[in-house]
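Novice: One structure coming up, written as C-alpha coordinates, with questions to follow.
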Amino acid sequence: MDRLGSRCPLPGYPRPSVLLCLLILTASFLTYPMLRTLSQQLLSFVTGSYVSGTYSVVFVNCPNEQIARDIARAILDKKLTASVNILPKASSLYYWNGEIEEATEILLLIKTKTSKVHLLSSYIRLVHPFEIPEVFSLPMDQGDVHYLKWLEEGMEEE
(Lines give C-alpha, C1' and ligand atoms only; values in the text may rest on other atoms or scores of the structure.)
Protein backbone atom coordinates (compact mmCIF):
# COMPACT_ATOMS: atom_id res chain seq x y z
CA MET A 1 0.00 0.00 0.00
CA ASP A 2 2.88 2.39 0.75
CA ARG A 3 4.27 1.90 -2.73
CA LEU A 4 0.92 2.68 -4.31
CA GLY A 5 0.53 5.85 -2.23
CA SER A 6 3.99 7.10 -3.21
CA ARG A 7 3.28 6.68 -6.92
CA CYS A 8 -0.25 8.00 -6.92
CA PRO A 9 -0.75 11.20 -4.92
CA LEU A 10 -3.88 11.50 -2.83
CA PRO A 11 -6.74 13.44 -4.42
CA GLY A 12 -6.60 17.16 -3.62
CA TYR A 13 -2.82 17.18 -3.01
CA PRO A 14 -0.42 18.51 -5.68
CA ARG A 15 2.17 16.20 -7.15
CA PRO A 16 5.74 16.56 -5.83
CA SER A 17 6.90 17.71 -9.29
CA VAL A 18 4.40 20.60 -9.18
CA LEU A 19 5.69 21.60 -5.75
CA LEU A 20 9.28 21.48 -7.02
CA CYS A 21 8.38 23.69 -10.00
CA LEU A 22 6.66 26.21 -7.70
CA LEU A 23 9.70 26.24 -5.41
CA ILE A 24 12.09 26.87 -8.35
CA LEU A 25 9.82 29.59 -9.75
CA THR A 26 9.61 31.33 -6.35
CA ALA A 27 13.39 31.15 -5.87
CA SER A 28 13.90 32.61 -9.37
CA PHE A 29 11.67 35.60 -8.61
CA LEU A 30 13.38 36.23 -5.27
CA THR A 31 16.92 36.11 -6.68
CA TYR A 32 16.21 37.90 -9.97
CA PRO A 33 17.37 41.39 -8.83
CA MET A 34 20.66 39.99 -7.55
CA LEU A 35 21.23 37.86 -10.64
CA ARG A 36 20.37 40.80 -12.91
CA THR A 37 22.83 43.07 -11.09
CA LEU A 38 25.60 40.49 -11.25
CA SER A 39 25.04 39.87 -14.96
CA GLN A 40 25.06 43.62 -15.69
CA GLN A 41 28.30 44.05 -13.75
CA LEU A 42 29.88 41.15 -15.64
CA LEU A 43 28.74 42.64 -18.96
CA SER A 44 30.12 46.03 -17.94
CA PHE A 45 33.46 44.50 -16.97
CA VAL A 46 33.76 42.52 -20.22
CA THR A 47 32.63 45.29 -22.60
CA GLY A 48 33.86 48.33 -20.67
CA SER A 49 30.39 49.93 -20.94
CA TYR A 50 28.45 51.74 -18.22
CA VAL A 51 25.67 49.96 -16.37
CA SER A 52 22.75 52.29 -15.69
CA GLY A 53 22.17 52.82 -11.97
CA THR A 54 25.70 51.97 -10.82
CA TYR A 55 26.13 55.56 -9.64
CA SER A 56 23.65 57.94 -8.03
CA VAL A 57 23.23 61.62 -7.28
CA VAL A 58 22.21 62.28 -3.68
CA PHE A 59 20.42 65.50 -2.72
CA VAL A 60 20.80 66.94 0.77
CA ASN A 61 19.54 70.34 2.03
CA CYS A 62 21.53 72.10 4.76
CA PRO A 63 20.57 75.13 6.89
CA ASN A 64 23.71 77.14 6.05
CA GLU A 65 26.90 77.08 4.00
CA GLN A 66 29.24 76.16 6.88
CA ILE A 67 27.26 73.04 7.74
CA ALA A 68 27.09 72.14 4.03
CA ARG A 69 30.89 72.47 3.74
CA ASP A 70 31.45 70.46 6.93
CA ILE A 71 29.23 67.61 5.71
CA ALA A 72 30.83 67.69 2.25
CA ARG A 73 34.35 67.47 3.69
CA ALA A 74 33.37 64.69 6.10
CA ILE A 75 31.83 62.46 3.42
CA LEU A 76 34.80 63.10 1.12
CA ASP A 77 37.19 62.11 3.94
CA LYS A 78 35.21 58.91 4.53
CA LYS A 79 35.35 58.05 0.79
CA LEU A 80 31.54 57.98 0.59
CA THR A 81 31.78 60.26 -2.45
CA ALA A 82 34.35 61.69 -4.83
CA SER A 83 32.51 64.91 -5.66
CA VAL A 84 30.08 67.30 -3.97
CA ASN A 85 28.54 70.44 -5.44
CA ILE A 86 27.34 73.10 -3.01
CA LEU A 87 24.51 75.14 -4.50
CA PRO A 88 23.74 78.27 -2.49
CA LYS A 89 20.41 79.76 -1.52
CA ALA A 90 17.69 77.34 -2.45
CA SER A 91 14.30 78.68 -1.34
CA SER A 92 12.35 75.93 0.38
CA LEU A 93 8.69 75.78 1.35
CA TYR A 94 7.52 72.75 3.29
CA TYR A 95 5.11 71.47 5.94
CA TRP A 96 6.57 71.07 9.41
CA ASN A 97 4.46 70.29 12.47
CA GLY A 98 1.28 71.16 10.58
CA GLU A 99 2.50 74.59 9.45
CA ILE A 100 3.85 75.86 6.14
CA GLU A 101 7.45 76.88 6.70
CA GLU A 102 9.76 78.88 4.46
CA ALA A 103 13.57 78.81 4.59
CA THR A 104 16.70 79.48 2.61
CA GLU A 105 18.82 76.36 2.43
CA ILE A 106 22.02 75.18 0.82
CA LEU A 107 21.73 72.19 -1.53
CA LEU A 108 24.38 69.50 -1.73
CA LEU A 109 24.60 67.42 -4.91
CA ILE A 110 26.60 64.35 -4.00
CA LYS A 111 27.81 61.92 -6.66
CA THR A 112 28.44 58.42 -5.34
CA LYS A 113 28.16 54.71 -6.04
CA THR A 114 24.61 53.47 -5.63
CA SER A 115 25.95 50.75 -3.34
CA LYS A 116 27.14 53.49 -0.92
CA VAL A 117 23.86 55.46 -0.77
CA HIS A 118 22.55 53.65 2.33
CA LEU A 119 25.80 54.16 4.26
CA LEU A 120 25.98 57.80 3.11
CA SER A 121 22.39 58.43 4.20
CA SER A 122 23.00 56.87 7.62
CA TYR A 123 26.11 58.99 8.15
CA ILE A 124 24.34 62.21 7.13
CA ARG A 125 21.53 61.48 9.61
CA LEU A 126 24.17 61.26 12.36
CA VAL A 127 25.89 64.58 11.60
CA HIS A 128 23.06 66.69 10.17
CA PRO A 129 21.44 69.27 12.50
CA PHE A 130 17.90 68.76 11.13
CA GLU A 131 15.65 66.35 13.01
CA ILE A 132 14.73 64.77 9.69
CA PRO A 133 17.31 65.72 7.06
CA GLU A 134 16.27 65.68 3.42
CA VAL A 135 18.31 62.88 1.87
CA PHE A 136 17.24 61.19 -1.35
CA SER A 137 18.97 59.83 -4.42
CA LEU A 138 18.40 59.33 -8.10
CA PRO A 139 20.31 56.75 -10.12
CA MET A 140 22.45 58.01 -12.99
CA ASP A 141 21.16 56.66 -16.27
CA GLN A 142 24.06 57.79 -18.45
CA GLY A 143 27.44 59.39 -17.90
CA ASP A 144 30.81 60.05 -19.44
CA VAL A 145 32.91 56.90 -18.99
CA HIS A 146 36.03 58.89 -18.04
CA TYR A 147 34.12 60.90 -15.39
CA LEU A 148 32.56 57.76 -13.91
CA LYS A 149 35.97 56.07 -13.78
CA TRP A 150 37.30 59.15 -11.96
CA LEU A 151 34.40 58.90 -9.48
CA GLU A 152 35.20 55.25 -8.88
CA GLU A 153 38.87 55.96 -8.27
CA GLY A 154 38.03 58.83 -5.89
CA MET A 155 36.03 56.50 -3.64
CA GLU A 156 38.59 53.69 -3.50
CA GLU A 157 39.94 52.93 -0.07
CA GLU A 158 43.71 53.20 0.34
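Letters A, B, ... go to the chains of the C-alpha coordinates in the order shown; residues in each chain start at 1; ligands are counted from 1 in the same order.
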Would you list the contacts of segment 53-56 of chain A as a list in words, taking every protein, DNA or RNA residue within 7 Å and counting only C-alpha atoms, but skipping same-chain residues closer than 2 positions in sequence?
Specialist: Val51, Val58, Lys111, Thr112, Lys113, Thr114, Ser137, Leu138, Pro139, Met140 and Asp141 of chain A
Novice: Residues of segment 20-158 of chain A classed as helix (DSSP H, G or I) by DSSP on the backbone are to be reported as a PyMOL selection string.
Specialist: chain A and resi 20-47+65-77+114-127+145-154
Novice: What lies within 12 Å of Leu119 of chain A using only C-alpha atoms, ignoring chain neighbours under 4 positions off, as a list of chain:residue names?
Specialist: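 Those residues are A:Val58, A:Ile75, A:Lys78, A:Lys79, A:Leu80, A:Thr81, A:Thr112, A:Lys113, A:Thr114, A:Ser115, A:Tyr123, A:Ile124, A:Arg125, A:Leu126, A:Val135.
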Novice: Would you mind exporting the chosen residues as a PDB file, in the first residue's frame, restricted to N, CA and C atoms?
Specialist:
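Written file, out-v4.pdb:
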```
ATOM      1  N   VAL A  58      22.937  62.157  -4.936  1.00  0.00           N
ATOM      2  CA  VAL A  58      22.210  62.281  -3.679  1.00  0.00           C
ATOM      3  C   VAL A  58      21.998  63.761  -3.398  1.00  0.00           C
ATOM      4  N   ILE A  75      32.147  63.613   4.288  1.00  0.00           N
ATOM      5  CA  ILE A  75      31.829  62.464   3.424  1.00  0.00           C
ATOM      6  C   ILE A  75      32.927  62.220   2.386  1.00  0.00           C
ATOM      7  N   LYS A  78      35.610  60.295   4.294  1.00  0.00           N
ATOM      8  CA  LYS A  78      35.211  58.912   4.534  1.00  0.00           C
ATOM      9  C   LYS A  78      35.091  58.095   3.243  1.00  0.00           C
ATOM     10  N   LYS A  79      35.407  58.714   2.103  1.00  0.00           N
ATOM     11  CA  LYS A  79      35.351  58.050   0.787  1.00  0.00           C
ATOM     12  C   LYS A  79      33.939  57.563   0.445  1.00  0.00           C
ATOM     13  N   LEU A  80      32.925  58.296   0.940  1.00  0.00           N
ATOM     14  CA  LEU A  80      31.543  57.980   0.587  1.00  0.00           C
ATOM     15  C   LEU A  80      31.156  58.648  -0.720  1.00  0.00           C
ATOM     16  N   THR A  81      31.992  59.554  -1.203  1.00  0.00           N
ATOM     17  CA  THR A  81      31.781  60.258  -2.450  1.00  0.00           C
ATOM     18  C   THR A  81      33.128  60.709  -2.983  1.00  0.00           C
ATOM     19  N   THR A 112      27.894  59.572  -6.037  1.00  0.00           N
ATOM     20  CA  THR A 112      28.441  58.416  -5.342  1.00  0.00           C
ATOM     21  C   THR A 112      28.041  57.129  -6.042  1.00  0.00           C
ATOM     22  N   LYS A 113      28.583  56.023  -5.559  1.00  0.00           N
ATOM     23  CA  LYS A 113      28.159  54.714  -6.044  1.00  0.00           C
ATOM     24  C   LYS A 113      26.810  54.397  -5.401  1.00  0.00           C
ATOM     25  N   THR A 114      25.927  53.825  -6.154  1.00  0.00           N
ATOM     26  CA  THR A 114      24.610  53.466  -5.634  1.00  0.00           C
ATOM     27  C   THR A 114      24.744  52.531  -4.434  1.00  0.00           C
ATOM     28  N   SER A 115      25.743  51.684  -4.447  1.00  0.00           N
ATOM     29  CA  SER A 115      25.952  50.753  -3.338  1.00  0.00           C
ATOM     30  C   SER A 115      26.329  51.468  -2.042  1.00  0.00           C
ATOM     31  N   TYR A 123      25.105  58.069   7.609  1.00  0.00           N
ATOM     32  CA  TYR A 123      26.111  58.986   8.154  1.00  0.00           C
ATOM     33  C   TYR A 123      25.563  60.419   8.218  1.00  0.00           C
ATOM     34  N   ILE A 124      24.888  60.846   7.153  1.00  0.00           N
ATOM     35  CA  ILE A 124      24.339  62.205   7.127  1.00  0.00           C
ATOM     36  C   ILE A 124      23.320  62.394   8.244  1.00  0.00           C
ATOM     37  N   ARG A 125      22.495  61.380   8.510  1.00  0.00           N
ATOM     38  CA  ARG A 125      21.529  61.475   9.612  1.00  0.00           C
ATOM     39  C   ARG A 125      22.237  61.680  10.951  1.00  0.00           C
ATOM     40  N   LEU A 126      23.417  61.110  11.105  1.00  0.00           N
ATOM     41  CA  LEU A 126      24.167  61.262  12.364  1.00  0.00           C
ATOM     42  C   LEU A 126      24.720  62.671  12.555  1.00  0.00           C
ATOM     43  N   VAL A 135      17.288  63.679   2.545  1.00  0.00           N
ATOM     44  CA  VAL A 135      18.308  62.883   1.871  1.00  0.00           C
ATOM     45  C   VAL A 135      17.574  61.953   0.914  1.00  0.00           C
TER      46      VAL A 135
END
```
Novice: Would you please work out which residue, of A:Val117, A:Ile132, A:Ile67, A:Ala74, is nearest to Asn97 of chain A when using only C-alpha atoms?
Specialist: A:Ile132
Novice: Which residue out of A:Glu102, A:Glu65, A:Asp77, A:Asp70 has the minimum interatomic distance to Lys89 of chain A when only C-alpha atoms are used?
Specialist: A:Glu65
Novice: By how many Å are atom CA of Trp96 of chain A and atom CA of Pro133 of chain A apart?
Specialist: 12.2 Å
Novice: Please return as a tab-separated table (two decimals) with all heavy atoms, in the first residue's frame: the residues of segment 51-134 of chain A that backbone DSSP assigns to strand (DSSP E).
Specialist:
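Done, and the output landed in selection_36.tsv:
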```tsv
chain	number	residue	atom	x	y	z
A	55	TYR	N	25.84	54.35	-10.40
A	55	TYR	CA	26.13	55.56	-9.64
A	55	TYR	C	24.84	56.33	-9.42
A	55	TYR	O	23.88	56.17	-10.17
A	55	TYR	CB	27.15	56.45	-10.37
A	55	TYR	CG	28.48	55.77	-10.53
A	55	TYR	CD1	28.77	55.04	-11.67
A	55	TYR	CD2	29.43	55.83	-9.53
A	55	TYR	CE1	29.98	54.40	-11.81
A	55	TYR	CE2	30.64	55.19	-9.65
A	55	TYR	CZ	30.91	54.47	-10.80
A	55	TYR	OH	32.11	53.83	-10.93
A	56	SER	N	24.83	57.15	-8.37
A	56	SER	CA	23.65	57.94	-8.03
A	56	SER	C	24.05	59.35	-7.67
A	56	SER	O	25.20	59.60	-7.29
A	56	SER	CB	22.91	57.32	-6.84
A	56	SER	OG	22.33	56.09	-7.18
A	57	VAL	N	23.08	60.26	-7.78
A	57	VAL	CA	23.23	61.62	-7.28
A	57	VAL	C	22.34	61.71	-6.05
A	57	VAL	O	21.16	61.37	-6.09
A	57	VAL	CB	22.79	62.67	-8.33
A	57	VAL	CG1	22.90	64.07	-7.75
A	57	VAL	CG2	23.61	62.53	-9.60
A	58	VAL	N	22.94	62.16	-4.94
A	58	VAL	CA	22.21	62.28	-3.68
A	58	VAL	C	22.00	63.76	-3.40
A	58	VAL	O	22.92	64.56	-3.51
A	58	VAL	CB	22.99	61.62	-2.52
A	58	VAL	CG1	22.24	61.76	-1.20
A	58	VAL	CG2	23.26	60.15	-2.83
A	59	PHE	N	20.78	64.12	-3.03
A	59	PHE	CA	20.42	65.50	-2.72
A	59	PHE	C	20.27	65.64	-1.22
A	59	PHE	O	19.58	64.84	-0.59
A	59	PHE	CB	19.08	65.87	-3.39
A	59	PHE	CG	19.12	65.81	-4.88
A	59	PHE	CD1	19.02	64.60	-5.57
A	59	PHE	CD2	19.21	66.98	-5.62
A	59	PHE	CE1	19.04	64.56	-6.94
A	59	PHE	CE2	19.24	66.94	-7.00
A	59	PHE	CZ	19.15	65.73	-7.67
A	60	VAL	N	20.89	66.68	-0.65
A	60	VAL	CA	20.80	66.94	0.77
A	60	VAL	C	20.70	68.45	0.97
A	60	VAL	O	21.55	69.20	0.49
A	60	VAL	CB	22.04	66.42	1.55
A	60	VAL	CG1	21.95	66.77	3.03
A	60	VAL	CG2	22.22	64.93	1.35
A	61	ASN	N	19.66	68.92	1.68
A	61	ASN	CA	19.54	70.34	2.03
A	61	ASN	C	20.17	70.58	3.38
A	61	ASN	O	20.02	69.77	4.30
A	61	ASN	CB	18.08	70.79	2.06
A	61	ASN	CG	17.60	71.22	0.70
A	61	ASN	OD1	18.40	71.53	-0.18
A	61	ASN	ND2	16.29	71.25	0.52
A	62	CYS	N	20.88	71.71	3.51
A	62	CYS	CA	21.53	72.10	4.76
A	62	CYS	C	21.08	73.50	5.15
A	62	CYS	O	20.76	74.31	4.29
A	62	CYS	CB	23.05	72.09	4.59
A	62	CYS	SG	23.71	70.46	4.20
A	83	SER	N	32.83	63.56	-5.20
A	83	SER	CA	32.51	64.91	-5.66
A	83	SER	C	31.21	65.39	-5.01
A	83	SER	O	30.23	64.66	-4.95
A	83	SER	CB	32.34	64.88	-7.18
A	83	SER	OG	31.91	66.13	-7.66
A	84	VAL	N	31.26	66.66	-4.55
A	84	VAL	CA	30.08	67.30	-3.97
A	84	VAL	C	29.98	68.71	-4.54
A	84	VAL	O	30.95	69.45	-4.51
A	84	VAL	CB	30.17	67.39	-2.43
A	84	VAL	CG1	28.92	68.06	-1.85
A	84	VAL	CG2	30.38	66.02	-1.80
A	85	ASN	N	28.81	69.06	-5.05
A	85	ASN	CA	28.54	70.44	-5.44
A	85	ASN	C	27.73	71.09	-4.33
A	85	ASN	O	26.80	70.47	-3.80
A	85	ASN	CB	27.73	70.52	-6.74
A	85	ASN	CG	28.48	69.95	-7.91
A	85	ASN	OD1	28.15	68.88	-8.39
A	85	ASN	ND2	29.50	70.64	-8.37
A	86	ILE	N	28.08	72.34	-4.00
A	86	ILE	CA	27.34	73.10	-3.01
A	86	ILE	C	26.63	74.23	-3.74
A	86	ILE	O	27.27	75.12	-4.28
A	86	ILE	CB	28.28	73.65	-1.91
A	86	ILE	CG1	28.99	72.48	-1.21
A	86	ILE	CG2	27.51	74.51	-0.92
A	86	ILE	CD1	30.05	72.91	-0.22
A	87	LEU	N	25.31	74.15	-3.79
A	87	LEU	CA	24.51	75.14	-4.50
A	87	LEU	C	23.86	76.07	-3.48
A	87	LEU	O	23.04	75.63	-2.67
A	87	LEU	CB	23.45	74.45	-5.36
A	87	LEU	CG	23.98	73.42	-6.35
A	87	LEU	CD1	22.85	72.75	-7.09
A	87	LEU	CD2	24.94	74.07	-7.33
A	88	PRO	N	24.20	77.34	-3.52
A	88	PRO	CA	23.74	78.27	-2.49
A	88	PRO	C	22.30	78.73	-2.69
A	88	PRO	O	21.78	78.78	-3.80
A	88	PRO	CB	24.70	79.45	-2.62
A	88	PRO	CG	25.10	79.43	-4.06
A	88	PRO	CD	25.11	77.98	-4.47
A	89	LYS	N	21.68	79.05	-1.59
A	89	LYS	CA	20.41	79.76	-1.52
A	89	LYS	C	19.27	79.13	-2.32
A	89	LYS	O	18.74	79.73	-3.25
A	89	LYS	CB	20.60	81.22	-1.90
A	89	LYS	CG	21.52	81.92	-0.93
A	89	LYS	CD	21.54	83.40	-1.14
A	89	LYS	CE	22.48	84.01	-0.12
A	89	LYS	NZ	22.60	85.42	-0.20
A	90	ALA	N	18.90	77.96	-1.91
A	90	ALA	CA	17.69	77.34	-2.45
A	90	ALA	C	16.54	77.76	-1.55
A	90	ALA	O	16.60	77.62	-0.33
A	90	ALA	CB	17.83	75.82	-2.46
A	91	SER	N	15.49	78.31	-2.12
A	91	SER	CA	14.30	78.68	-1.34
A	91	SER	C	13.45	77.44	-1.15
A	91	SER	O	13.12	76.75	-2.12
A	91	SER	CB	13.50	79.76	-2.06
A	91	SER	OG	14.25	80.95	-2.12
A	92	SER	N	13.12	77.13	0.07
A	92	SER	CA	12.35	75.93	0.38
A	92	SER	C	11.05	76.30	1.10
A	92	SER	O	11.05	77.11	2.01
A	92	SER	CB	13.16	74.99	1.28
A	92	SER	OG	14.34	74.58	0.64
A	93	LEU	N	9.98	75.69	0.67
A	93	LEU	CA	8.69	75.78	1.35
A	93	LEU	C	8.27	74.35	1.65
A	93	LEU	O	8.35	73.48	0.78
A	93	LEU	CB	7.65	76.47	0.47
A	93	LEU	CG	7.89	77.97	0.29
A	93	LEU	CD1	8.37	78.26	-1.09
A	93	LEU	CD2	6.65	78.71	0.63
A	94	TYR	N	7.83	74.11	2.89
A	94	TYR	CA	7.52	72.75	3.29
A	94	TYR	C	6.60	72.77	4.51
A	94	TYR	O	6.50	73.76	5.22
A	94	TYR	CB	8.81	71.98	3.62
A	94	TYR	CG	9.69	72.69	4.62
A	94	TYR	CD1	9.58	72.43	5.98
A	94	TYR	CD2	10.63	73.63	4.20
A	94	TYR	CE1	10.37	73.09	6.91
A	94	TYR	CE2	11.43	74.29	5.11
A	94	TYR	CZ	11.30	74.02	6.46
A	94	TYR	OH	12.08	74.69	7.37
A	95	TYR	N	5.91	71.63	4.73
A	95	TYR	CA	5.11	71.47	5.94
A	95	TYR	C	5.99	70.97	7.05
A	95	TYR	O	6.78	70.04	6.88
A	95	TYR	CB	3.99	70.44	5.71
A	95	TYR	CG	2.74	71.03	5.14
A	95	TYR	CD1	2.41	70.84	3.81
A	95	TYR	CD2	1.88	71.77	5.95
A	95	TYR	CE1	1.26	71.38	3.29
A	95	TYR	CE2	0.71	72.31	5.43
A	95	TYR	CZ	0.41	72.11	4.10
A	95	TYR	OH	-0.73	72.64	3.59
A	96	TRP	N	5.88	71.56	8.23
A	96	TRP	CA	6.57	71.07	9.41
A	96	TRP	C	5.67	71.30	10.61
A	96	TRP	O	5.26	72.43	10.87
A	96	TRP	CB	7.91	71.78	9.58
A	96	TRP	CG	8.69	71.23	10.74
A	96	TRP	CD1	8.94	71.84	11.94
A	96	TRP	CD2	9.30	69.95	10.82
A	96	TRP	NE1	9.66	71.02	12.74
A	96	TRP	CE2	9.90	69.83	12.08
A	96	TRP	CE3	9.37	68.86	9.95
A	96	TRP	CZ2	10.58	68.70	12.49
A	96	TRP	CZ3	10.05	67.74	10.35
A	96	TRP	CH2	10.65	67.66	11.62
A	99	GLU	N	2.41	73.21	9.93
A	99	GLU	CA	2.50	74.59	9.45
A	99	GLU	C	3.34	74.65	8.17
A	99	GLU	O	4.26	73.85	8.00
A	99	GLU	CB	3.17	75.48	10.51
A	99	GLU	CG	2.46	75.55	11.84
A	99	GLU	CD	1.18	76.35	11.79
A	99	GLU	OE1	1.13	77.35	11.03
A	99	GLU	OE2	0.21	75.98	12.49
A	100	ILE	N	3.01	75.62	7.32
A	100	ILE	CA	3.85	75.86	6.14
A	100	ILE	C	5.03	76.71	6.58
A	100	ILE	O	4.85	77.79	7.14
A	100	ILE	CB	3.07	76.55	5.02
A	100	ILE	CG1	1.94	75.64	4.52
A	100	ILE	CG2	4.01	76.93	3.87
A	100	ILE	CD1	1.06	76.29	3.47
A	101	GLU	N	6.22	76.19	6.35
A	101	GLU	CA	7.45	76.88	6.70
A	101	GLU	C	8.15	77.35	5.43
A	101	GLU	O	7.94	76.79	4.35
A	101	GLU	CB	8.40	75.96	7.48
A	101	GLU	CG	7.83	75.42	8.77
A	101	GLU	CD	7.78	76.47	9.86
A	101	GLU	OE1	8.62	77.39	9.85
A	101	GLU	OE2	6.91	76.35	10.74
A	102	GLU	N	8.98	78.37	5.58
A	102	GLU	CA	9.76	78.88	4.46
A	102	GLU	C	11.18	79.11	4.96
A	102	GLU	O	11.38	79.66	6.04
A	102	GLU	CB	9.15	80.19	3.94
A	102	GLU	CG	9.70	80.63	2.62
A	102	GLU	CD	8.90	81.76	2.00
A	102	GLU	OE1	7.70	81.93	2.35
A	102	GLU	OE2	9.48	82.49	1.19
A	103	ALA	N	12.18	78.67	4.17
A	103	ALA	CA	13.57	78.81	4.59
A	103	ALA	C	14.47	78.93	3.37
A	103	ALA	O	14.11	78.53	2.27
A	103	ALA	CB	13.99	77.62	5.42
A	104	THR	N	15.65	79.49	3.61
A	104	THR	CA	16.70	79.48	2.61
A	104	THR	C	17.68	78.40	3.02
A	104	THR	O	18.16	78.38	4.16
A	104	THR	CB	17.41	80.85	2.54
A	104	THR	OG1	16.44	81.83	2.19
A	104	THR	CG2	18.51	80.84	1.51
A	105	GLU	N	17.95	77.48	2.12
A	105	GLU	CA	18.82	76.36	2.43
A	105	GLU	C	19.92	76.24	1.38
A	105	GLU	O	19.86	76.87	0.33
A	105	GLU	CB	18.01	75.05	2.48
A	105	GLU	CG	16.96	75.06	3.58
A	105	GLU	CD	16.09	73.82	3.58
A	105	GLU	OE1	15.63	73.40	2.49
A	105	GLU	OE2	15.86	73.29	4.66
A	106	ILE	N	20.91	75.46	1.71
A	106	ILE	CA	22.02	75.18	0.82
A	106	ILE	C	21.86	73.74	0.34
A	106	ILE	O	21.68	72.83	1.16
A	106	ILE	CB	23.38	75.35	1.54
A	106	ILE	CG1	23.47	76.69	2.24
A	106	ILE	CG2	24.55	75.11	0.60
A	106	ILE	CD1	23.36	77.90	1.35
A	107	LEU	N	21.93	73.52	-0.96
A	107	LEU	CA	21.73	72.19	-1.53
A	107	LEU	C	23.06	71.53	-1.85
A	107	LEU	O	23.91	72.13	-2.52
A	107	LEU	CB	20.86	72.28	-2.79
A	107	LEU	CG	20.61	70.98	-3.54
A	107	LEU	CD1	19.84	69.98	-2.67
A	107	LEU	CD2	19.85	71.25	-4.83
A	108	LEU	N	23.23	70.31	-1.36
A	108	LEU	CA	24.38	69.50	-1.73
A	108	LEU	C	23.97	68.52	-2.82
A	108	LEU	O	22.94	67.85	-2.68
A	108	LEU	CB	24.89	68.69	-0.53
A	108	LEU	CG	25.43	69.44	0.68
A	108	LEU	CD1	25.83	68.46	1.77
A	108	LEU	CD2	26.59	70.30	0.29
A	109	LEU	N	24.76	68.45	-3.89
A	109	LEU	CA	24.60	67.42	-4.91
A	109	LEU	C	25.80	66.50	-4.76
A	109	LEU	O	26.94	66.89	-5.04
A	109	LEU	CB	24.59	68.02	-6.32
A	109	LEU	CG	23.41	68.88	-6.70
A	109	LEU	CD1	23.57	69.40	-8.12
A	109	LEU	CD2	22.12	68.09	-6.59
A	110	ILE	N	25.55	65.31	-4.32
A	110	ILE	CA	26.60	64.35	-4.00
A	110	ILE	C	26.58	63.24	-5.04
A	110	ILE	O	25.55	62.60	-5.23
A	110	ILE	CB	26.39	63.77	-2.58
A	110	ILE	CG1	26.30	64.90	-1.56
A	110	ILE	CG2	27.46	62.76	-2.24
A	110	ILE	CD1	25.73	64.48	-0.21
A	111	LYS	N	27.71	63.01	-5.70
A	111	LYS	CA	27.81	61.92	-6.66
A	111	LYS	C	28.53	60.76	-5.99
A	111	LYS	O	29.61	60.92	-5.43
A	111	LYS	CB	28.57	62.35	-7.92
A	111	LYS	CG	27.74	63.16	-8.90
A	111	LYS	CD	27.53	64.58	-8.50
A	111	LYS	CE	28.80	65.38	-8.61
A	111	LYS	NZ	28.71	66.76	-8.20
A	112	THR	N	27.89	59.57	-6.04
A	112	THR	CA	28.44	58.42	-5.34
A	112	THR	C	28.04	57.13	-6.04
A	112	THR	O	27.23	57.15	-6.97
A	112	THR	CB	27.97	58.40	-3.87
A	112	THR	OG1	28.70	57.41	-3.15
A	112	THR	CG2	26.48	58.15	-3.76
A	113	LYS	N	28.58	56.02	-5.56
A	113	LYS	CA	28.16	54.71	-6.04
A	113	LYS	C	26.81	54.40	-5.40
A	113	LYS	O	26.60	54.68	-4.22
A	113	LYS	CB	29.18	53.65	-5.66
A	113	LYS	CG	30.51	53.81	-6.36
A	113	LYS	CD	31.53	52.82	-5.87
A	113	LYS	CE	31.17	51.44	-6.38
A	113	LYS	NZ	32.22	50.45	-6.05
```
Novice: With distances taken over only C-alpha atoms, which residue among A:Leu120, A:Val145, A:Ala27, A:Cys21 lies nearest Ala72 of chain A?
Specialist: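 Result for the nearest residue to Ala72 of chain A: A:Leu120.
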Novice: Using Å and a single decimal, report how far atom CA of Ser122 of chain A sits from atom CA of Glu153 of chain A.
Specialist: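 Going from atom CA of Glu153 of chain A over to atom CA of Ser122 of chain A covers 22.5 Å.
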Novice: Work out how far atom CA of Arg73 of chain A is from atom CA of Trp150 of chain A, in Å to one decimal.
Specialist: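 Value for the atom CA of Trp150 of chain A-atom CA of Arg73 of chain A distance: 18.0 Å.
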Novice: Hey, which of A:His128, A:Lys149, A:Glu156, A:Gln142 ends up closest to Asn64 of chain A? Count only C-alpha atoms.
Specialist: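 Smallest distance to Asn64 of chain A is found for A:His128.
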